[in-house]
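What follows is a set of notes on a single structure, which appears directly below.
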Amino acid sequence: MLTVGLTGGIGSGKSEVSRRLRELGAVIIDADAVAREVVEPGTPGLAAVAEKFGDGVLRADGTLDREGLGRIVFNDPAKLSALNAIVHPLVGERIGQMMAEVEHDSADAVVVYDVPLLVENNLQDGYDVVLVVAASAETQLRRLVEQRGMSREDAQARIAAQAPLSAKLAVADIVIDNDGELASLDARVREVWADLCARAGRTMAP
Ligand code: ATP
């Protein structure tokens, strides 16, 4: 199994890249999606969160009120770490299970983790390959404003809050430039997939 940490700035094109890699045969693990799964109704995770923060964090239908919980932990480091102490181990455990299943099914799998803040959290050593999607700040800004409907100021602030592209490139094993058209991205992702398959000792499907 080859593990790949996929990262890049906000709006750089990580989702577009991971979708293409999934179509080519990679197993994609999205930590944000797993973090939602471990607190779905009926899970021990949700029970632990409700016990810690009160039933006020549950909606009438029994699901977690993420916005409400977000307001409680926002700007309160002690509460945020209490929440993380519940959720992070469950996410780690679930990802461990997923990895064991993948390894069992195919030893030469390419597993791609979508980790937006990989560099900010210094997680580069946890993966066999760090794959960085690179887009200039101008491109990021244009996408966030035109395609996500963000204000220019909000988009600029979010870009500035992340590590600069240079810091991401410094730890990259493979870089995908994504300042161009989606057609160029298709071609580059296919090249990268061939590289990842070779590193995983895997024969690509014809
Ligand atoms: P976030 O960090 O916010 O999750 P992301 O890195 O996953 O962002 P995407 O969602 O893949 O970024 O891309 C941001 C937006 O830009 C999307 O609307 C996407 O379709 C578009 N986009 C990405 N790459 C290109 C491209 N090469 N040409 C045109 N549009 C693109």
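Residue numbering restarts at 1 for every chain of the structure tokens, chains are lettered A, B, ... in their displayed order, and ligands are numbered from 1 as they appear.
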Quiz item: Where in stretch 138-187 of chain A does DSSP assign alpha helix (DSSP H), given as a VMD selection string?
Solution: chain A and resid 138 to 146 152 to 161 165 to 170 182 to 187
Around ligand 1, which protein and nucleic acid residues have at least one atom no more than 10 Å from it, if we count only C-alpha atoms and all ligand atoms? List them as a VMD selection string.
chain A and resid 6 to 19 114 to 117 133 to 135 139 to 149 158 to 159 177 to 186
Could you turn the residues from that selection into a file that holds N, CA and C atoms, as a compact mmCIF listing (two decimals), in the first residue's frame?
# COMPACT_ATOMS: atom_id res chain seq x y z
N LEU A 6 -2.51 14.41 0.26
CA LEU A 6 -2.84 15.40 -0.78
C LEU A 6 -3.15 16.72 -0.09
N THR A 7 -2.43 17.76 -0.49
CA THR A 7 -2.68 19.05 0.15
C THR A 7 -2.55 20.18 -0.86
N GLY A 8 -2.81 21.38 -0.41
CA GLY A 8 -2.78 22.55 -1.27
C GLY A 8 -3.65 23.61 -0.64
N GLY A 9 -3.48 24.84 -1.07
CA GLY A 9 -4.23 25.95 -0.47
C GLY A 9 -5.72 25.87 -0.78
N ILE A 10 -6.48 26.67 -0.09
CA ILE A 10 -7.92 26.74 -0.31
C ILE A 10 -8.19 27.16 -1.78
N GLY A 11 -9.08 26.42 -2.42
CA GLY A 11 -9.42 26.74 -3.81
C GLY A 11 -8.36 26.35 -4.82
N SER A 12 -7.31 25.62 -4.37
CA SER A 12 -6.23 25.28 -5.31
C SER A 12 -6.68 24.19 -6.30
N GLY A 13 -7.65 23.35 -5.86
CA GLY A 13 -8.13 22.28 -6.75
C GLY A 13 -7.97 20.88 -6.19
N LYS A 14 -7.84 20.76 -4.85
CA LYS A 14 -7.66 19.44 -4.23
C LYS A 14 -8.84 18.51 -4.54
N SER A 15 -10.06 19.06 -4.46
CA SER A 15 -11.23 18.20 -4.71
C SER A 15 -11.26 17.73 -6.15
N GLU A 16 -10.89 18.62 -7.08
CA GLU A 16 -10.85 18.23 -8.50
C GLU A 16 -9.81 17.12 -8.70
N VAL A 17 -8.67 17.24 -8.03
CA VAL A 17 -7.61 16.23 -8.15
C VAL A 17 -8.05 14.91 -7.52
N SER A 18 -8.64 14.98 -6.31
CA SER A 18 -8.98 13.71 -5.64
C SER A 18 -10.10 13.01 -6.40
N ARG A 19 -11.03 13.78 -6.98
CA ARG A 19 -12.08 13.13 -7.78
C ARG A 19 -11.48 12.37 -8.97
N ASP A 114 -6.97 13.29 1.87
CA ASP A 114 -7.19 14.70 1.59
C ASP A 114 -6.96 15.46 2.90
N VAL A 115 -5.84 16.15 2.99
CA VAL A 115 -5.47 16.83 4.25
C VAL A 115 -5.15 18.30 3.97
N PRO A 116 -6.18 19.15 3.97
CA PRO A 116 -5.95 20.55 3.61
C PRO A 116 -4.82 21.21 4.41
N LEU A 117 -4.74 20.92 5.72
CA LEU A 117 -3.74 21.62 6.55
C LEU A 117 -2.53 20.75 6.88
N VAL A 133 -1.10 20.31 -4.60
CA VAL A 133 -1.78 20.99 -5.71
C VAL A 133 -1.42 22.46 -5.59
N ALA A 134 -0.79 23.00 -6.63
CA ALA A 134 -0.27 24.36 -6.56
C ALA A 134 -1.07 25.29 -7.45
N ALA A 135 -1.57 26.37 -6.87
CA ALA A 135 -2.21 27.42 -7.65
C ALA A 135 -1.72 28.74 -7.09
N THR A 139 -4.98 32.97 -8.69
CA THR A 139 -5.92 31.94 -9.15
C THR A 139 -6.85 31.53 -8.00
N GLN A 140 -6.28 31.33 -6.82
CA GLN A 140 -7.11 30.95 -5.66
C GLN A 140 -8.20 32.00 -5.44
N LEU A 141 -7.76 33.26 -5.44
CA LEU A 141 -8.69 34.37 -5.18
C LEU A 141 -9.80 34.39 -6.22
N ARG A 142 -9.42 34.23 -7.49
CA ARG A 142 -10.42 34.27 -8.56
C ARG A 142 -11.44 33.14 -8.38
N ARG A 143 -10.96 31.94 -8.09
CA ARG A 143 -11.89 30.81 -7.92
C ARG A 143 -12.82 31.02 -6.74
N LEU A 144 -12.25 31.49 -5.62
CA LEU A 144 -13.08 31.64 -4.42
C LEU A 144 -14.15 32.71 -4.63
N VAL A 145 -13.79 33.77 -5.35
CA VAL A 145 -14.75 34.85 -5.58
C VAL A 145 -15.75 34.43 -6.66
N GLU A 146 -15.25 33.91 -7.79
CA GLU A 146 -16.15 33.63 -8.92
C GLU A 146 -16.94 32.35 -8.76
N GLN A 147 -16.31 31.30 -8.20
CA GLN A 147 -16.99 30.01 -8.17
C GLN A 147 -17.59 29.69 -6.81
N ARG A 148 -17.12 30.34 -5.76
CA ARG A 148 -17.68 30.05 -4.43
C ARG A 148 -18.50 31.22 -3.91
N GLY A 149 -18.46 32.35 -4.63
CA GLY A 149 -19.26 33.50 -4.21
C GLY A 149 -18.75 34.17 -2.94
N ARG A 158 -8.66 34.32 4.07
CA ARG A 158 -8.52 32.87 4.20
C ARG A 158 -7.23 32.37 3.55
N ILE A 159 -6.88 32.96 2.42
CA ILE A 159 -5.63 32.56 1.75
C ILE A 159 -4.44 32.93 2.65
N ASP A 177 0.57 21.43 -10.86
CA ASP A 177 0.25 22.84 -11.09
C ASP A 177 -1.17 22.93 -11.58
N ASN A 178 -1.96 23.77 -10.96
CA ASN A 178 -3.36 23.88 -11.38
C ASN A 178 -3.77 25.33 -11.57
N ASP A 179 -2.95 26.05 -12.37
CA ASP A 179 -3.33 27.41 -12.75
C ASP A 179 -3.99 27.42 -14.11
N GLY A 180 -3.97 26.25 -14.78
CA GLY A 180 -4.47 26.22 -16.17
C GLY A 180 -5.88 25.70 -16.27
N GLU A 181 -6.17 25.13 -17.44
CA GLU A 181 -7.52 24.61 -17.73
C GLU A 181 -7.71 23.24 -17.08
N LEU A 182 -8.99 22.87 -16.94
CA LEU A 182 -9.27 21.54 -16.39
C LEU A 182 -8.75 20.42 -17.30
N ALA A 183 -8.70 20.67 -18.61
CA ALA A 183 -8.19 19.64 -19.53
C ALA A 183 -6.71 19.36 -19.24
N SER A 184 -5.94 20.40 -18.92
CA SER A 184 -4.52 20.19 -18.59
C SER A 184 -4.42 19.43 -17.27
N LEU A 185 -5.36 19.72 -16.36
CA LEU A 185 -5.34 19.02 -15.07
C LEU A 185 -5.59 17.53 -15.28
N ASP A 186 -6.54 17.21 -16.15
CA ASP A 186 -6.82 15.79 -16.46
C ASP A 186 -5.54 15.08 -16.87
Tell me, as number ranges by chain, which residues lie within 9 Å of stretch 41-46 of chain A, counting only C-alpha atoms; anything in the same chain fewer than 5 positions away does not count.
-> A: 51, 58, 61-64, 86-87, 90
Restricted to all heavy atoms, what would the selected residues look like written as a PDB file, in the first residue's frame?
ATOM      1  N   GLU A  51     -22.876  14.171  26.029  1.00  0.00           N
ATOM      2  CA  GLU A  51     -22.644  14.095  27.468  1.00  0.00           C
ATOM      3  C   GLU A  51     -21.764  15.259  27.936  1.00  0.00           C
ATOM      4  O   GLU A  51     -21.986  15.862  28.971  1.00  0.00           O
ATOM      5  CB  GLU A  51     -21.986  12.757  27.810  1.00  0.00           C
ATOM      6  CG  GLU A  51     -22.023  12.489  29.301  1.00  0.00           C
ATOM      7  CD  GLU A  51     -21.310  11.202  29.669  1.00  0.00           C
ATOM      8  OE1 GLU A  51     -21.263  10.282  28.835  1.00  0.00           O
ATOM      9  OE2 GLU A  51     -20.776  11.154  30.792  1.00  0.00           O
ATOM     10  N   LEU A  58     -27.754  18.922  20.237  1.00  0.00           N
ATOM     11  CA  LEU A  58     -28.468  18.010  19.325  1.00  0.00           C
ATOM     12  C   LEU A  58     -29.661  18.738  18.715  1.00  0.00           C
ATOM     13  O   LEU A  58     -30.334  19.525  19.385  1.00  0.00           O
ATOM     14  CB  LEU A  58     -28.971  16.778  20.090  1.00  0.00           C
ATOM     15  CG  LEU A  58     -27.891  15.929  20.770  1.00  0.00           C
ATOM     16  CD1 LEU A  58     -28.540  14.771  21.511  1.00  0.00           C
ATOM     17  CD2 LEU A  58     -26.891  15.412  19.742  1.00  0.00           C
ATOM     18  N   ASP A  61     -34.017  16.288  15.365  1.00  0.00           N
ATOM     19  CA  ASP A  61     -33.983  14.972  14.701  1.00  0.00           C
ATOM     20  C   ASP A  61     -32.837  14.089  15.209  1.00  0.00           C
ATOM     21  O   ASP A  61     -32.577  13.020  14.655  1.00  0.00           O
ATOM     22  CB  ASP A  61     -33.897  15.147  13.173  1.00  0.00           C
ATOM     23  CG  ASP A  61     -32.596  15.814  12.733  1.00  0.00           C
ATOM     24  OD1 ASP A  61     -31.749  16.143  13.600  1.00  0.00           O
ATOM     25  OD2 ASP A  61     -32.408  15.995  11.509  1.00  0.00           O
ATOM     26  N   GLY A  62     -32.131  14.542  16.240  1.00  0.00           N
ATOM     27  CA  GLY A  62     -31.089  13.715  16.848  1.00  0.00           C
ATOM     28  C   GLY A  62     -29.711  13.878  16.214  1.00  0.00           C
ATOM     29  O   GLY A  62     -28.740  13.282  16.684  1.00  0.00           O
ATOM     30  N   THR A  63     -29.603  14.697  15.173  1.00  0.00           N
ATOM     31  CA  THR A  63     -28.279  14.910  14.564  1.00  0.00           C
ATOM     32  C   THR A  63     -27.540  16.021  15.321  1.00  0.00           C
ATOM     33  O   THR A  63     -28.152  16.798  16.059  1.00  0.00           O
ATOM     34  CB  THR A  63     -28.393  15.299  13.071  1.00  0.00           C
ATOM     35  OG1 THR A  63     -29.181  16.494  12.984  1.00  0.00           O
ATOM     36  CG2 THR A  63     -29.030  14.189  12.252  1.00  0.00           C
ATOM     37  N   LEU A  64     -26.236  16.067  15.111  1.00  0.00           N
ATOM     38  CA  LEU A  64     -25.412  17.076  15.787  1.00  0.00           C
ATOM     39  C   LEU A  64     -25.624  18.449  15.147  1.00  0.00           C
ATOM     40  O   LEU A  64     -25.579  18.590  13.921  1.00  0.00           O
ATOM     41  CB  LEU A  64     -23.938  16.658  15.675  1.00  0.00           C
ATOM     42  CG  LEU A  64     -22.915  17.566  16.348  1.00  0.00           C
ATOM     43  CD1 LEU A  64     -23.138  17.616  17.859  1.00  0.00           C
ATOM     44  CD2 LEU A  64     -21.500  17.067  16.050  1.00  0.00           C
ATOM     45  N   ILE A  86     -12.418  13.912  22.127  1.00  0.00           N
ATOM     46  CA  ILE A  86     -13.443  12.905  21.823  1.00  0.00           C
ATOM     47  C   ILE A  86     -13.331  12.468  20.355  1.00  0.00           C
ATOM     48  O   ILE A  86     -13.295  11.279  20.041  1.00  0.00           O
ATOM     49  CB  ILE A  86     -14.869  13.470  22.077  1.00  0.00           C
ATOM     50  CG1 ILE A  86     -15.065  13.787  23.561  1.00  0.00           C
ATOM     51  CG2 ILE A  86     -15.938  12.475  21.587  1.00  0.00           C
ATOM     52  CD1 ILE A  86     -16.347  14.561  23.879  1.00  0.00           C
ATOM     53  N   VAL A  87     -13.271  13.452  19.460  1.00  0.00           N
ATOM     54  CA  VAL A  87     -13.404  13.150  18.026  1.00  0.00           C
ATOM     55  C   VAL A  87     -12.107  12.585  17.411  1.00  0.00           C
ATOM     56  O   VAL A  87     -12.166  11.617  16.646  1.00  0.00           O
ATOM     57  CB  VAL A  87     -13.875  14.415  17.255  1.00  0.00           C
ATOM     58  CG1 VAL A  87     -13.899  14.168  15.759  1.00  0.00           C
ATOM     59  CG2 VAL A  87     -15.267  14.835  17.742  1.00  0.00           C
ATOM     60  N   LEU A  90     -11.447   8.829  17.686  1.00  0.00           N
ATOM     61  CA  LEU A  90     -12.442   8.063  16.918  1.00  0.00           C
ATOM     62  C   LEU A  90     -12.119   8.125  15.428  1.00  0.00           C
ATOM     63  O   LEU A  90     -12.245   7.135  14.704  1.00  0.00           O
ATOM     64  CB  LEU A  90     -13.856   8.610  17.182  1.00  0.00           C
ATOM     65  CG  LEU A  90     -14.368   8.415  18.611  1.00  0.00           C
ATOM     66  CD1 LEU A  90     -15.643   9.206  18.841  1.00  0.00           C
ATOM     67  CD2 LEU A  90     -14.605   6.926  18.882  1.00  0.00           C
TER      68      LEU A  90
END
If you count only C-alpha atoms, the residue of A:Glu23, A:Asp195, A:Asp32, A:Glu37 closest to A:Tyr113 turns out to be A:Asp32
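Residue-level DSSP output for stretch 87-155 of chain A, from the backbone, shows strand (DSSP E or B) at Val110, Val111, Val112, Tyr113, Asp114, Val129, Val130, Leu131, Val132, Val133 and Ala134 of chain A.
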So that I have them on file, write out the residues from the current selection with N, CA, C and O atoms, as a CSV table (one decimal), in the first residue's frame.
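Generated file (again33.csv):
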chain,number,residue,atom,x,y,z
A,110,VAL,N,-3.3,2.4,-3.8
A,110,VAL,CA,-2.8,3.7,-3.6
A,110,VAL,C,-3.9,4.4,-2.7
A,110,VAL,O,-5.1,4.6,-3.2
A,111,VAL,N,-3.6,4.8,-1.5
A,111,VAL,CA,-4.5,5.5,-0.6
A,111,VAL,C,-4.2,7.0,-0.5
A,111,VAL,O,-3.1,7.3,-0.1
A,112,VAL,N,-5.1,7.8,-0.9
A,112,VAL,CA,-4.9,9.2,-0.9
A,112,VAL,C,-5.7,9.9,0.2
A,112,VAL,O,-6.9,9.7,0.3
A,113,TYR,N,-5.0,10.6,1.1
A,113,TYR,CA,-5.7,11.3,2.2
A,113,TYR,C,-5.8,12.8,1.8
A,113,TYR,O,-4.8,13.4,1.5
A,114,ASP,N,-7.0,13.3,1.9
A,114,ASP,CA,-7.2,14.7,1.6
A,114,ASP,C,-7.0,15.5,2.9
A,114,ASP,O,-7.8,15.4,3.8
A,129,VAL,N,4.1,9.6,0.3
A,129,VAL,CA,4.3,10.7,-0.8
A,129,VAL,C,3.4,11.9,-0.4
A,129,VAL,O,2.3,11.7,0.0
A,130,VAL,N,4.0,13.1,-0.5
A,130,VAL,CA,3.2,14.3,-0.3
A,130,VAL,C,3.0,14.9,-1.7
A,130,VAL,O,3.9,15.1,-2.4
A,131,LEU,N,1.7,15.0,-2.0
A,131,LEU,CA,1.3,15.5,-3.3
A,131,LEU,C,0.7,16.9,-3.1
A,131,LEU,O,-0.3,17.0,-2.4
A,132,VAL,N,1.3,17.9,-3.7
A,132,VAL,CA,0.8,19.3,-3.5
A,132,VAL,C,0.1,19.8,-4.8
A,132,VAL,O,0.7,19.7,-5.9
A,133,VAL,N,-1.1,20.3,-4.6
A,133,VAL,CA,-1.8,21.0,-5.7
A,133,VAL,C,-1.4,22.5,-5.6
A,133,VAL,O,-1.7,23.1,-4.5
A,134,ALA,N,-0.8,23.0,-6.6
A,134,ALA,CA,-0.3,24.4,-6.6
A,134,ALA,C,-1.1,25.3,-7.5
A,134,ALA,O,-1.3,25.0,-8.6
Judged by only C-alpha atoms, the minimum distance to A:Leu118 among A:Arg66, A:Arg202, A:Lys168, A:Arg20 is found for A:Lys168
#### Entry: Nearest to A:Gln97 by atom-to-atom distance, counting only C-alpha atoms, from A:Ala160, A:Val119, A:Val57, A:Ile29
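Ranked by minimum distance to A:Gln97, first place goes to A:Ile29.
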To one decimal place, how far is atom CA of A:Ile72 from atom CA of A:Val38 in Å?
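Distance between the two atoms: 19.4 Å.
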One decimal place gives the atom CA of A:Leu24-atom CA of A:Leu196 separation as 11.1 Å
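Atom to atom, atom CA of A:Phe53 and atom CA of A:Asp76 stand 12.9 Å apart.
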* Asked: Which residues, written as a list in words, have at least one atom at most 12 Å from A:Ala107, with only C-alpha atoms counted and residues fewer than 5 positions away on the same chain left out?
  ->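 Once the nearby chain positions are removed, what remains is Met1, Leu2, Thr3, Met99, Ala100, Glu101, Val102, Ala200, Gly201 and Arg202 of chain A.
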